[in-house]
Each structure stands twice: as C-alpha cells, then as structure tokens.
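*Asks:* My structure is in coords-v2.json, and what it holds is JSON, C-alpha atoms:
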```json
[["chain", "number", "residue", "atom", "x", "y", "z"],
["A", 169, "MET", "CA", 77.43, 115.59, 87.52],
["A", 170, "ASP", "CA", 76.82, 112.06, 86.24],
["A", 171, "SER", "CA", 76.21, 111.07, 82.61],
["A", 172, "HIS", "CA", 72.42, 111.23, 83.00],
["A", 173, "ASN", "CA", 72.41, 114.81, 84.29],
["A", 174, "LEU", "CA", 75.03, 115.91, 81.78],
["A", 175, "ALA", "CA", 72.95, 114.51, 78.90],
["A", 176, "ILE", "CA", 69.89, 116.38, 80.20],
["A", 177, "VAL", "CA", 71.65, 119.76, 80.31],
["A", 178, "ILE", "CA", 73.64, 119.41, 77.07],
["A", 179, "ALA", "CA", 71.03, 117.94, 74.69],
["A", 180, "PRO", "CA", 68.93, 121.15, 74.37],
["A", 181, "VAL", "CA", 72.05, 123.12, 73.47],
["A", 182, "LEU", "CA", 72.71, 120.94, 70.43],
["A", 183, "VAL", "CA", 69.29, 121.18, 68.77],
["A", 184, "ARG", "CA", 67.20, 123.99, 67.33],
["A", 185, "SER", "CA", 64.29, 123.67, 64.96],
["A", 186, "SER", "CA", 61.12, 125.58, 64.10],
["A", 187, "SER", "CA", 59.15, 123.50, 66.64],
["A", 188, "VAL", "CA", 60.09, 123.87, 70.29],
["A", 189, "GLN", "CA", 57.90, 120.85, 71.09],
["A", 190, "ASN", "CA", 59.88, 118.64, 68.70],
["A", 191, "ASP", "CA", 63.11, 119.88, 70.26],
["A", 192, "ALA", "CA", 61.84, 119.13, 73.76],
["A", 193, "GLU", "CA", 60.70, 115.65, 72.74],
["A", 194, "ILE", "CA", 63.98, 114.74, 71.09],
["A", 195, "CYS", "CA", 65.93, 115.86, 74.18],
["A", 196, "ARG", "CA", 63.73, 114.00, 76.67],
["A", 197, "LEU", "CA", 65.42, 111.67, 79.14],
["A", 198, "SER", "CA", 63.17, 110.13, 81.76],
["A", 199, "SER", "CA", 64.10, 109.15, 85.29],
["A", 200, "ALA", "CA", 63.34, 105.54, 84.25],
["A", 201, "ASP", "CA", 66.44, 105.72, 82.00],
["A", 202, "LYS", "CA", 68.44, 106.32, 85.13],
["A", 203, "GLY", "CA", 66.81, 103.44, 86.92],
["A", 204, "GLY", "CA", 64.82, 105.90, 88.99],
["A", 205, "PRO", "CA", 61.13, 105.77, 89.91],
["A", 206, "THR", "CA", 58.51, 105.68, 87.16],
["A", 207, "PHE", "CA", 55.34, 107.60, 87.73],
["A", 208, "PRO", "CA", 51.86, 106.37, 86.71],
["A", 209, "TRP", "CA", 51.42, 109.16, 84.18],
["A", 210, "SER", "CA", 54.80, 108.50, 82.52],
["A", 211, "LYS", "CA", 53.94, 104.78, 82.33],
["A", 212, "LYS", "CA", 50.64, 105.66, 80.71],
["A", 213, "GLN", "CA", 52.44, 107.88, 78.24],
["A", 214, "GLN", "CA", 54.86, 105.11, 77.35],
["A", 215, "ASN", "CA", 52.04, 102.63, 76.86],
["A", 216, "GLY", "CA", 50.32, 105.12, 74.59],
["A", 217, "THR", "CA", 53.17, 104.98, 72.09],
["A", 218, "SER", "CA", 53.65, 101.75, 70.17],
["A", 219, "LYS", "CA", 57.36, 101.59, 70.92],
["A", 220, "SER", "CA", 59.69, 103.56, 73.18],
["A", 221, "GLN", "CA", 61.83, 105.66, 70.89],
["A", 222, "SER", "CA", 65.39, 106.71, 71.35],
["A", 223, "THR", "CA", 66.10, 110.38, 72.06],
["A", 224, "LEU", "CA", 69.14, 112.62, 71.78],
["A", 225, "GLY", "CA", 69.32, 112.60, 75.57],
["A", 226, "SER", "CA", 69.61, 108.82, 75.70],
["A", 227, "MET", "CA", 72.09, 108.82, 72.80],
["A", 228, "LEU", "CA", 74.28, 111.39, 74.55],
["A", 229, "LYS", "CA", 74.19, 109.33, 77.72],
["A", 230, "ILE", "CA", 75.33, 106.27, 75.78],
["A", 231, "CYS", "CA", 78.08, 108.33, 74.13],
["A", 232, "ILE", "CA", 79.34, 109.63, 77.50],
["A", 233, "GLU", "CA", 79.33, 106.15, 79.05],
["A", 234, "ASN", "CA", 80.90, 104.44, 76.02],
["A", 235, "ARG", "CA", 83.22, 107.19, 74.86],
["A", 236, "ASP", "CA", 86.14, 104.93, 73.96],
["A", 237, "GLU", "CA", 84.05, 102.51, 71.93],
["A", 238, "ILE", "CA", 82.37, 105.27, 69.94],
["A", 239, "PHE", "CA", 85.06, 107.91, 69.52],
["A", 240, "GLY", "CA", 88.15, 105.77, 69.88],
["A", 241, "ASP", "CA", 90.39, 104.72, 72.75],
["A", 242, "PRO", "CA", 92.28, 107.76, 74.12],
["A", 243, "THR", "CA", 95.27, 105.56, 75.00],
["A", 244, "LYS", "CA", 95.63, 104.70, 71.31],
["A", 245, "GLU", "CA", 94.55, 107.97, 69.80],
["A", 246, "GLU", "CA", 95.81, 110.27, 72.53],
["A", 247, "GLU", "CA", 93.00, 111.96, 74.38],
["A", 248, "GLY", "CA", 92.36, 115.52, 73.32],
["A", 249, "ALA", "CA", 94.63, 115.26, 70.27],
["A", 250, "VAL", "CA", 92.42, 117.70, 68.41],
["A", 251, "LEU", "CA", 92.60, 120.03, 71.36],
["A", 252, "ARG", "CA", 96.37, 119.98, 71.34],
["A", 253, "ARG", "CA", 96.42, 120.41, 67.56],
["A", 254, "SER", "CA", 94.21, 123.44, 68.05],
["A", 255, "GLN", "CA", 96.53, 124.79, 70.71],
["A", 256, "SER", "CA", 99.58, 124.41, 68.50],
["A", 257, "SER", "CA", 97.80, 126.04, 65.60],
["A", 258, "ALA", "CA", 96.74, 128.84, 67.94],
["A", 259, "GLY", "CA", 100.36, 129.39, 68.79],
["A", 260, "SER", "CA", 101.21, 129.95, 65.16],
["A", 261, "SER", "CA", 98.19, 132.05, 64.34],
["A", 262, "ASN", "CA", 96.83, 135.19, 65.93],
["A", 263, "SER", "CA", 94.02, 135.31, 68.45],
["A", 264, "SER", "CA", 91.25, 135.85, 65.92],
["A", 265, "GLU", "CA", 91.27, 132.22, 64.85],
["A", 266, "LEU", "CA", 87.54, 132.15, 65.25],
["A", 267, "ALA", "CA", 87.13, 134.57, 62.39],
["A", 268, "GLN", "CA", 89.65, 132.84, 60.13],
["A", 269, "THR", "CA", 88.28, 129.34, 60.07],
["A", 270, "PRO", "CA", 85.82, 128.59, 57.29],
["A", 271, "GLY", "CA", 82.18, 127.54, 57.58],
["A", 272, "SER", "CA", 79.20, 128.80, 59.49],
["A", 273, "MET", "CA", 80.51, 127.47, 62.84],
["A", 274, "GLU", "CA", 82.57, 130.63, 63.07],
["A", 275, "GLN", "CA", 79.77, 132.96, 62.14],
["A", 276, "SER", "CA", 78.24, 132.90, 65.58],
["A", 277, "SER", "CA", 79.00, 136.62, 65.86],
["A", 278, "TYR", "CA", 75.55, 138.00, 66.32],
["A", 279, "PHE", "CA", 76.57, 141.55, 67.02],
["A", 280, "SER", "CA", 76.36, 144.31, 64.42],
["A", 281, "PRO", "CA", 79.50, 146.46, 63.87],
["A", 282, "SER", "CA", 77.98, 149.44, 65.69],
["A", 283, "LYS", "CA", 77.07, 147.22, 68.65],
["A", 284, "ARG", "CA", 80.55, 145.75, 68.61],
["A", 285, "VAL", "CA", 82.05, 149.18, 69.31],
["A", 286, "SER", "CA", 79.73, 149.70, 72.28],
["A", 287, "LEU", "CA", 80.47, 146.19, 73.54],
["A", 288, "LEU", "CA", 84.18, 146.78, 73.19],
["A", 289, "LEU", "CA", 83.78, 149.92, 75.27],
["A", 290, "SER", "CA", 81.78, 148.05, 77.90],
["A", 291, "VAL", "CA", 84.47, 145.35, 78.05],
["A", 292, "PHE", "CA", 87.14, 147.96, 78.65],
["A", 293, "MET", "CA", 84.93, 149.70, 81.21],
["A", 294, "CYS", "CA", 84.48, 146.37, 82.97],
["A", 295, "ALA", "CA", 88.23, 145.75, 82.96],
["A", 296, "THR", "CA", 88.87, 149.24, 84.34],
["A", 297, "GLU", "CA", 86.23, 148.71, 87.00],
["A", 298, "ARG", "CA", 87.88, 145.44, 88.00],
["A", 299, "ASP", "CA", 91.30, 147.10, 88.17],
["A", 300, "ASP", "CA", 89.79, 149.81, 90.33],
["A", 301, "LEU", "CA", 88.25, 147.22, 92.66],
["A", 302, "GLU", "CA", 91.54, 145.34, 92.88],
["A", 303, "HIS", "CA", 93.33, 148.59, 93.64],
["A", 304, "ARG", "CA", 90.85, 149.40, 96.42],
["A", 305, "TYR", "CA", 91.16, 145.88, 97.79],
["A", 306, "TYR", "CA", 94.95, 146.11, 98.03],
["A", 307, "GLN", "CA", 94.69, 149.60, 99.51],
["A", 308, "GLY", "CA", 92.32, 148.21, 102.13],
["A", 309, "ARG", "CA", 94.69, 145.38, 102.91],
["A", 310, "GLN", "CA", 97.58, 147.81, 103.32],
["A", 311, "VAL", "CA", 95.53, 149.94, 105.73],
["A", 312, "ASN", "CA", 94.58, 146.84, 107.70],
["A", 313, "ALA", "CA", 98.20, 145.72, 107.84],
["A", 314, "GLU", "CA", 99.28, 149.15, 109.03],
["A", 315, "THR", "CA", 96.61, 149.30, 111.73],
["A", 316, "ALA", "CA", 97.43, 145.75, 112.83],
["A", 317, "GLY", "CA", 101.12, 146.65, 112.90],
["B", 228, "MET", "CA", 87.92, 124.18, 62.12],
["B", 229, "GLY", "CA", 88.21, 123.00, 58.58],
["B", 230, "ASP", "CA", 91.75, 121.80, 59.33],
["B", 231, "GLY", "CA", 90.50, 119.71, 62.24],
["B", 232, "SER", "CA", 91.27, 122.31, 64.90],
["B", 233, "LEU", "CA", 88.72, 123.76, 67.30],
["B", 234, "PRO", "CA", 87.51, 127.37, 67.47],
["B", 235, "ALA", "CA", 89.40, 129.47, 70.04],
["B", 236, "VAL", "CA", 86.47, 129.79, 72.43],
["B", 237, "VAL", "CA", 85.86, 126.02, 72.49],
["B", 238, "ARG", "CA", 89.57, 125.26, 72.87],
["B", 239, "ASP", "CA", 89.97, 127.72, 75.75],
["B", 240, "CYS", "CA", 86.86, 126.52, 77.58],
["B", 241, "ILE", "CA", 87.74, 122.82, 77.30],
["B", 242, "THR", "CA", 91.37, 123.42, 78.30],
["B", 243, "HIS", "CA", 90.29, 125.51, 81.28],
["B", 244, "LEU", "CA", 87.68, 122.97, 82.39],
["B", 245, "ARG", "CA", 90.29, 120.20, 82.27],
["B", 246, "ASN", "CA", 92.66, 122.23, 84.46],
["B", 247, "LYS", "CA", 93.12, 121.63, 88.18],
["B", 248, "ASN", "CA", 89.94, 120.60, 89.95],
["B", 249, "ASN", "CA", 87.49, 122.27, 87.61],
["B", 250, "LEU", "CA", 86.09, 118.93, 86.42],
["B", 251, "ALA", "CA", 84.92, 118.22, 89.95],
["B", 252, "THR", "CA", 82.96, 121.49, 90.27],
["B", 253, "PRO", "CA", 79.46, 120.49, 91.43],
["B", 254, "GLY", "CA", 76.71, 121.26, 88.92],
["B", 255, "ILE", "CA", 79.25, 122.65, 86.46],
["B", 256, "PHE", "CA", 76.94, 122.62, 83.42],
["B", 257, "ARG", "CA", 73.80, 123.31, 85.42],
["B", 258, "LYS", "CA", 74.70, 126.49, 87.30],
["B", 259, "VAL", "CA", 74.30, 129.85, 85.61],
["B", 260, "PRO", "CA", 76.85, 132.67, 85.88],
["B", 261, "LYS", "CA", 76.09, 136.40, 85.65],
["B", 262, "MET", "CA", 74.66, 136.96, 82.18],
["B", 263, "THR", "CA", 76.34, 140.36, 81.81],
["B", 264, "VAL", "CA", 79.75, 138.80, 82.40],
["B", 265, "LEU", "CA", 78.95, 135.93, 80.05],
["B", 266, "ASN", "CA", 77.86, 138.29, 77.27],
["B", 267, "GLN", "CA", 80.94, 140.43, 77.76],
["B", 268, "LEU", "CA", 83.17, 137.38, 77.47],
["B", 269, "HIS", "CA", 81.32, 136.27, 74.34],
["B", 270, "ALA", "CA", 81.75, 139.71, 72.83],
["B", 271, "THR", "CA", 85.44, 139.69, 73.71],
["B", 272, "TYR", "CA", 85.93, 136.42, 71.84],
["B", 273, "ASP", "CA", 83.86, 137.81, 69.01],
["B", 274, "LEU", "CA", 86.27, 140.72, 68.71],
["B", 275, "GLY", "CA", 89.28, 138.42, 68.69],
["B", 276, "ILE", "CA", 90.68, 139.73, 71.99],
["B", 277, "PRO", "CA", 92.66, 137.09, 73.97],
["B", 278, "VAL", "CA", 90.86, 136.05, 77.16],
["B", 279, "LYS", "CA", 92.32, 134.55, 80.34],
["B", 280, "LEU", "CA", 89.41, 132.63, 81.77],
["B", 281, "GLU", "CA", 91.19, 131.93, 85.06],
["B", 282, "ASP", "CA", 91.15, 135.65, 85.89],
["B", 283, "TRP", "CA", 87.36, 135.74, 86.09],
["B", 284, "PRO", "CA", 85.31, 134.88, 89.18],
["B", 285, "ASP", "CA", 83.50, 131.49, 89.08],
["B", 286, "ASN", "CA", 85.59, 130.72, 86.02],
["B", 287, "ALA", "CA", 84.72, 127.00, 85.85],
["B", 288, "ILE", "CA", 80.98, 127.68, 85.65],
["B", 289, "LEU", "CA", 81.65, 130.63, 83.36],
["B", 290, "SER", "CA", 83.65, 128.43, 80.96],
["B", 291, "ALA", "CA", 80.96, 125.75, 80.91],
["B", 292, "SER", "CA", 78.27, 128.36, 80.22],
["B", 293, "LEU", "CA", 80.38, 130.03, 77.53],
["B", 294, "LEU", "CA", 80.78, 126.66, 75.82],
["B", 295, "LYS", "CA", 77.02, 126.09, 75.98],
["B", 296, "LEU", "CA", 76.36, 129.60, 74.67],
["B", 297, "TYR", "CA", 78.70, 129.01, 71.72],
["B", 298, "LEU", "CA", 77.00, 125.72, 70.84],
["B", 299, "ARG", "CA", 73.54, 127.24, 71.26],
["B", 300, "THR", "CA", 74.27, 130.20, 68.96],
["B", 301, "LEU", "CA", 75.82, 128.29, 66.08],
["B", 302, "PRO", "CA", 74.14, 129.34, 62.81],
["B", 303, "THR", "CA", 73.52, 125.67, 62.04],
["B", 304, "PRO", "CA", 72.82, 123.65, 65.20],
["B", 305, "MET", "CA", 75.03, 120.65, 65.81],
["B", 306, "ILE", "CA", 72.03, 118.34, 65.41],
["B", 307, "PRO", "CA", 69.66, 119.83, 62.80],
["B", 308, "SER", "CA", 66.01, 118.74, 62.79],
["B", 309, "PHE", "CA", 66.41, 116.40, 59.81],
["B", 310, "PHE", "CA", 68.52, 114.15, 62.06],
["B", 311, "TYR", "CA", 65.68, 113.62, 64.54],
["B", 312, "ASP", "CA", 64.35, 110.56, 62.70],
["B", 313, "ARG", "CA", 67.80, 108.99, 62.69],
["B", 314, "ILE", "CA", 68.02, 109.58, 66.45],
["B", 315, "ARG", "CA", 64.62, 107.92, 66.97],
["B", 316, "ARG", "CA", 65.81, 104.91, 64.96],
["B", 317, "CYS", "CA", 68.66, 104.22, 67.41],
["B", 318, "PRO", "CA", 68.12, 100.65, 68.65],
["B", 319, "GLU", "CA", 67.68, 99.71, 72.31],
["B", 320, "GLY", "CA", 70.41, 97.81, 74.10],
["B", 321, "ARG", "CA", 73.88, 99.12, 74.78],
["B", 322, "GLU", "CA", 75.83, 97.19, 72.17],
["B", 323, "GLN", "CA", 73.40, 97.80, 69.33],
["B", 324, "ALA", "CA", 73.13, 101.49, 70.21],
["B", 325, "VAL", "CA", 76.91, 101.92, 70.37],
["B", 326, "ALA", "CA", 77.30, 100.22, 66.98],
["B", 327, "TYR", "CA", 74.51, 102.33, 65.47],
["B", 328, "ILE", "CA", 75.98, 105.62, 66.73],
["B", 329, "ARG", "CA", 79.54, 104.73, 65.70],
["B", 330, "ASP", "CA", 78.87, 103.10, 62.34],
["B", 331, "ARG", "CA", 75.78, 104.88, 61.06],
["B", 332, "PHE", "CA", 74.85, 108.04, 62.95],
["B", 333, "LEU", "CA", 78.25, 109.75, 63.16],
["B", 334, "PRO", "CA", 79.28, 109.00, 59.54],
["B", 335, "GLY", "CA", 75.83, 110.26, 58.48],
["B", 336, "LEU", "CA", 76.34, 113.43, 60.52],
["B", 337, "ALA", "CA", 79.72, 114.01, 58.86],
["B", 338, "ASN", "CA", 78.21, 113.46, 55.40],
["B", 339, "ASP", "CA", 74.98, 115.41, 55.66],
["B", 340, "HIS", "CA", 75.74, 118.25, 58.08],
["B", 341, "ALA", "CA", 76.68, 121.58, 56.53],
["B", 342, "GLU", "CA", 79.92, 121.57, 58.53],
["B", 343, "GLY", "CA", 80.90, 118.04, 57.57],
["B", 344, "GLU", "CA", 83.64, 116.36, 59.62],
["B", 345, "ALA", "CA", 84.11, 119.47, 61.77],
["B", 346, "VAL", "CA", 80.86, 118.89, 63.63],
["B", 347, "VAL", "CA", 81.87, 115.31, 64.51],
["B", 348, "THR", "CA", 85.27, 116.56, 65.72],
["B", 349, "LEU", "CA", 83.55, 119.12, 67.94],
["B", 350, "LEU", "CA", 81.06, 116.55, 69.21],
["B", 351, "ALA", "CA", 83.88, 114.09, 69.99],
["B", 352, "GLU", "CA", 85.78, 116.69, 72.06],
["B", 353, "LEU", "CA", 82.58, 117.67, 73.85],
["B", 354, "ILE", "CA", 81.75, 114.05, 74.70],
["B", 355, "ARG", "CA", 85.32, 113.43, 75.90],
["B", 356, "LEU", "CA", 84.99, 116.40, 78.25],
["B", 357, "LEU", "CA", 81.58, 115.27, 79.51],
["B", 358, "SER", "CA", 82.88, 111.77, 80.01],
["B", 359, "SER", "CA", 85.79, 113.09, 82.10],
["B", 360, "ILE", "CA", 83.34, 115.12, 84.21],
["B", 361, "ALA", "CA", 81.08, 112.07, 84.68],
["B", 362, "SER", "CA", 83.97, 109.83, 85.71],
["B", 363, "LYS", "CA", 85.22, 112.49, 88.14],
["B", 364, "SER", "CA", 81.71, 112.71, 89.56],
["B", 365, "GLY", "CA", 81.67, 108.90, 89.92],
["B", 366, "GLU", "CA", 84.95, 108.96, 91.81],
["B", 367, "LEU", "CA", 83.63, 111.65, 94.14],
["B", 368, "SER", "CA", 80.32, 109.93, 94.80],
["B", 369, "ASN", "CA", 82.11, 106.64, 95.44],
["B", 370, "GLY", "CA", 84.36, 108.53, 97.84],
["B", 371, "SER", "CA", 81.43, 110.08, 99.67],
["B", 372, "SER", "CA", 79.66, 106.71, 99.81],
["B", 373, "MET", "CA", 82.78, 105.17, 101.31],
["B", 374, "LEU", "CA", 82.91, 108.01, 103.81],
["B", 375, "ARG", "CA", 79.26, 107.46, 104.72],
["B", 376, "VAL", "CA", 79.78, 103.72, 105.09],
["B", 377, "SER", "CA", 82.87, 104.14, 107.24],
["B", 378, "ALA", "CA", 81.11, 106.84, 109.31],
["B", 379, "ASP", "CA", 78.17, 104.50, 109.93],
["B", 380, "SER", "CA", 80.50, 101.72, 110.97],
["B", 381, "GLY", "CA", 82.15, 104.10, 113.42],
["B", 382, "LEU", "CA", 78.87, 104.90, 115.18],
["B", 383, "GLN", "CA", 78.25, 103.17, 118.50],
["B", 384, "SER", "CA", 75.16, 104.23, 120.38],
["B", 385, "LYS", "CA", 74.75, 103.29, 124.02],
["B", 386, "THR", "CA", 70.98, 103.07, 123.72]]
```
Could I get this structure in the form of structure tokens?
*Replies:*
Amino acid sequence: MDSHNLAIVIAPVLVRSSSVQNDAEICRLSSADKGGPTFPWSKKQQNGTSKSQSTLGSMLKICIENRDEIFGDPTKEEEGAVLRRSQSSAGSSNSSELAQTPGSMEQSSYFSPSKRVSLLLSVFMCATERDDLEHRYYQGRQVNAETAG
Amino acid sequence: MGDGSLPAVVRDCITHLRNKNNLATPGIFRKVPKMTVLNQLHATYDLGIPVKLEDWPDNAILSASLLKLYLRTLPTPMIPSFFYDRIRRCPEGREQAVAYIRDRFLPGLANDHAEGEAVVTLLAELIRLLSSIASKSGELSNGSSMLRVSADSGLQSKT
C-alpha cells in the first residue's frame, strides 16, 4: 500500500466527533492529490470553495512521505526506540501493562465485568476448539502417512 | 504510556507487522479479518492475557486490524474535533506543510490533547510503521515495473 492509500484508510481511525460529516470531510483525500484524474464534479466542488483546505488525509500523507523530517531521522534517533523501550519495560512488568499505564488511552476496555467472564470463556473455548482442530489435523496426517506407507 | 512506552497491544502489533515479510502484505490495512476472531483478541488483551499473534491465521491482517480497532476505540480520539481547524490551516507546498506539522501542529497536539506527549509518541510510531509499509510497497511496485519492462523487451512477435 502506498502513502496515499495508507492515509485514506488510517485517517478515519484517528478522528471521532459528534458530526460524521465533519469527520468525513476532514479525512478526505482526493485522487487529484495522488496526481490521478480529476472529475468534473470534483472540480466544480473545488471551485465552489474559496480555497482548497488541507485535510487530515493530506497531512498524514505528508507525514508518511517526510517521516524523517517531521519525527526525526531514525539513523540519529534509532528507529523504533520507543518500541524497544516498551519491549524492555514489558519484560520487567507483567502482561497487564495496558491496565497499569495512566490516562484514558488505556481505558479502551469497553466490556463490563460480567461480559468479561463470558468473553474469557469464549476465548478458552476458541483455544480448545483450535487445539481440537490441530489434533484432528495431525491425526489425519498420521492416517495418510500410514496409508501411503 | 506516561513513561513514553507504548500499550502492550500497540507494541505487539507493530513488532509483529515489522517481522519477516508482513510489511509487504498486500492491502494490509485495507483487508478485514474475521470480526469474531478480532473481538476475541481484543478481549484477550483487555483481560491482560499474553497473546502470540503469529499463532493466529492471517496474523498480519489481524494485527493491522487490531491496531486500527485500538485506535478507533480510544476514549479520546487521537485527533479530537477541536484540532480540525488547525488541520485546515496547514499550508500548501511540501516544505511549508512539513514545517507547520513539525513546529506547530505536533507541539500543539502535545500541549492541548488530554494525553499530552503520549499521543505524539503513539502517532510517531504509527507514522514510522506506515512509512515502512509505503517504502516496502514502493520497492515492490518498482520491482514489478522492472519485471514488466524486461518482459516487454523480451517479447518478439513474428507478425
């Protein structure tokens, strides 16, 4: 996926307001931004506004294409330094780091305690189901090997 | 995240996507995995249970979708609506836009967002990942173009 397509799919994930229309407008990234064809209706729309305004989509595209200039050169700052710092801190802490870190970023748990129990059960059921499938698969392979032999 | 580290789910997804050839997966952020599997994985992280993403089928697409799901369900979105005007004020032209984002938009985001610096750290890691995917995609498309060009040059019709 190139920077244009990545900006299109990621921009809507980063915004959320009371107006879906505002969100859609701020995420917009036209094919003209990619150097693609412009359609008569989009040209008309652009002429209707006094000035073409920047959008989150176009900003993201610029960020992706000029990563080093905006967020620092990875050769100087070591690419993914934060990631490695996170990994080392994960090594020292337990797996529920998500719940320990402060701020609302970690409060994305949208499941009630009662639903958590049922989800936990479903996760274990899924794992058991997978084990069962794996077991059947290996059994099948053994039978095939025996018949081939 | 307050100490500059990333949440476990983000860290795992980014690390997994950077592994092996996952960056080159076509349509990695566009394709949609099975929602039941995605919700189960989300719930597993929510419960603090360690997850091995590589054990799951279509794990590259699953990781990308899990990352998107995490970002989408943040209590405060990464870009709240009061930043929309600042986005619209971004100047045209590459150099001016880069300077505006680096010197005004990102410091403003760190100052005025409820999460402060943490949101810029998360955004930086996300952009680094996207940039790696884009450059991988560029390499591949250049490769396929080269292949097409060399294939054309190899064609010799008798008619």
*Asks:* For chain A, which of B:Arg329, B:Lys279, B:His243, B:His269 is the closest residue, counting only C-alpha atoms?
*Replies:*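 Looking at the shortest contact to chain A, the residue is B:Arg329.
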*Asks:* Per residue of chain B within 7 Å of chain A, which atom pair is closest and at what distance in Å (one decimal), using only C-alpha atoms, listed by chain and increasing number, as a tab-separated table?
*Replies:*
```
residue	atom	partner	partner_atom	distance
B:Met228	CA	A:Thr269	CA	5.6
B:Gly229	CA	A:Pro270	CA	6.2
B:Gly231	CA	A:Val250	CA	6.8
B:Ser232	CA	A:Ser254	CA	4.5
B:Leu233	CA	A:Ser254	CA	5.6
B:Pro234	CA	A:Leu266	CA	5.3
B:Ala235	CA	A:Leu266	CA	5.8
B:Arg238	CA	A:Leu251	CA	6.2
B:Pro253	CA	A:Met169	CA	6.6
B:Gly254	CA	A:Met169	CA	5.9
B:Phe256	CA	A:Val177	CA	6.8
B:Arg257	CA	A:Val177	CA	6.6
B:Gln267	CA	A:Val291	CA	6.1
B:Ala270	CA	A:Leu287	CA	6.6
B:Asp273	CA	A:Ser277	CA	5.9
B:Gly275	CA	A:Ser264	CA	4.3
B:Ile276	CA	A:Ser263	CA	6.6
B:Pro277	CA	A:Ser263	CA	6.0
B:Lys295	CA	A:Val181	CA	6.3
B:Leu298	CA	A:Val181	CA	6.2
B:Arg299	CA	A:Val181	CA	4.9
B:Thr300	CA	A:Ser276	CA	5.9
B:Leu301	CA	A:Ser276	CA	5.2
B:Pro302	CA	A:Ser272	CA	6.1
B:Thr303	CA	A:Ser272	CA	7.0
B:Pro304	CA	A:Val183	CA	5.6
B:Met305	CA	A:Leu182	CA	5.2
B:Ile306	CA	A:Val183	CA	5.2
B:Pro307	CA	A:Val183	CA	6.1
B:Ser308	CA	A:Ser185	CA	5.7
B:Tyr311	CA	A:Ile194	CA	6.9
B:Ile314	CA	A:Thr223	CA	6.0
B:Arg315	CA	A:Ser222	CA	4.6
B:Arg316	CA	A:Ser222	CA	6.7
B:Cys317	CA	A:Ser222	CA	5.7
B:Val325	CA	A:Ile238	CA	6.4
B:Arg329	CA	A:Ile238	CA	5.1
B:Glu342	CA	A:Gly271	CA	6.5
B:Ala351	CA	A:Phe239	CA	6.3
B:Glu352	CA	A:Gly248	CA	6.8
B:Ile354	CA	A:Ile232	CA	5.8
B:Arg355	CA	A:Arg235	CA	6.7
B:Leu357	CA	A:Ile232	CA	6.4
B:Ser358	CA	A:Ile232	CA	4.8
B:Ile360	CA	A:Met169	CA	6.8
B:Ala361	CA	A:Asp170	CA	4.5
B:Ser364	CA	A:Met169	CA	5.5
B:Gly365	CA	A:Asp170	CA	6.9
```
*Asks:* Would you mind listing what lies within 8 Å of Val347 in chain B as a list in words, with all atoms listed in the file counted and same-chain residues fewer than 2 positions away left out?
*Replies:*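 That gives Leu333, Leu336, Ala337, Gly343, Glu344, Ala345, Leu349, Leu350 and Ala351 of chain B.
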*Asks:* Please report the interatomic distance between CA of Asn286 in chain B and CA of Ala251 in chain B in Å with one decimal.
*Replies:* 13.1 Å
*Asks:* Could you tell me how far CA of Asp282 in chain B lies from CA of Leu268 in chain B, in Å and to one decimal?
*Replies:* 11.7 Å
*Asks:* Kindly indicate which residue among B:Leu265, B:Ala291, B:Cys240, B:Val278 lies nearest to Thr252 in chain B, using all atoms listed in the file for the distances.
*Replies:*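 The closest residue to Thr252 in chain B is B:Ala291.
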*Asks:* Tell me which of B:Phe332, B:Thr242, B:Leu293, B:Ile288 sits closest to Asp312 in chain B, counting all atoms listed in the file.
*Replies:*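 Closest residue, counting all atoms listed in the file: B:Phe332.
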*Asks:* What's the separation between CA of Gln307 in chain A and CA of Asp285 in chain B, in Å to one decimal place?
*Replies:*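 Atom-to-atom, CA of Gln307 in chain A to CA of Asp285 in chain B, that is 23.7 Å.
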*Asks:* Need the axis-aligned box for range 178-194 of chain A with 4 Å each side, so what are the centre and edges in Å to one decimal, as lines of an AutoDock Vina configuration file?
*Replies:*
```
center_x = 65.8
center_y = 120.2
center_z = 70.6
size_x = 23.7
size_y = 18.8
size_z = 21.0
```
*Asks:* Which residue out of B:Arg331, B:Lys258, B:Leu250, B:Lys363 has the minimum interatomic distance to Arg313 in chain B when only C-alpha atoms are used?
*Replies:* B:Arg331
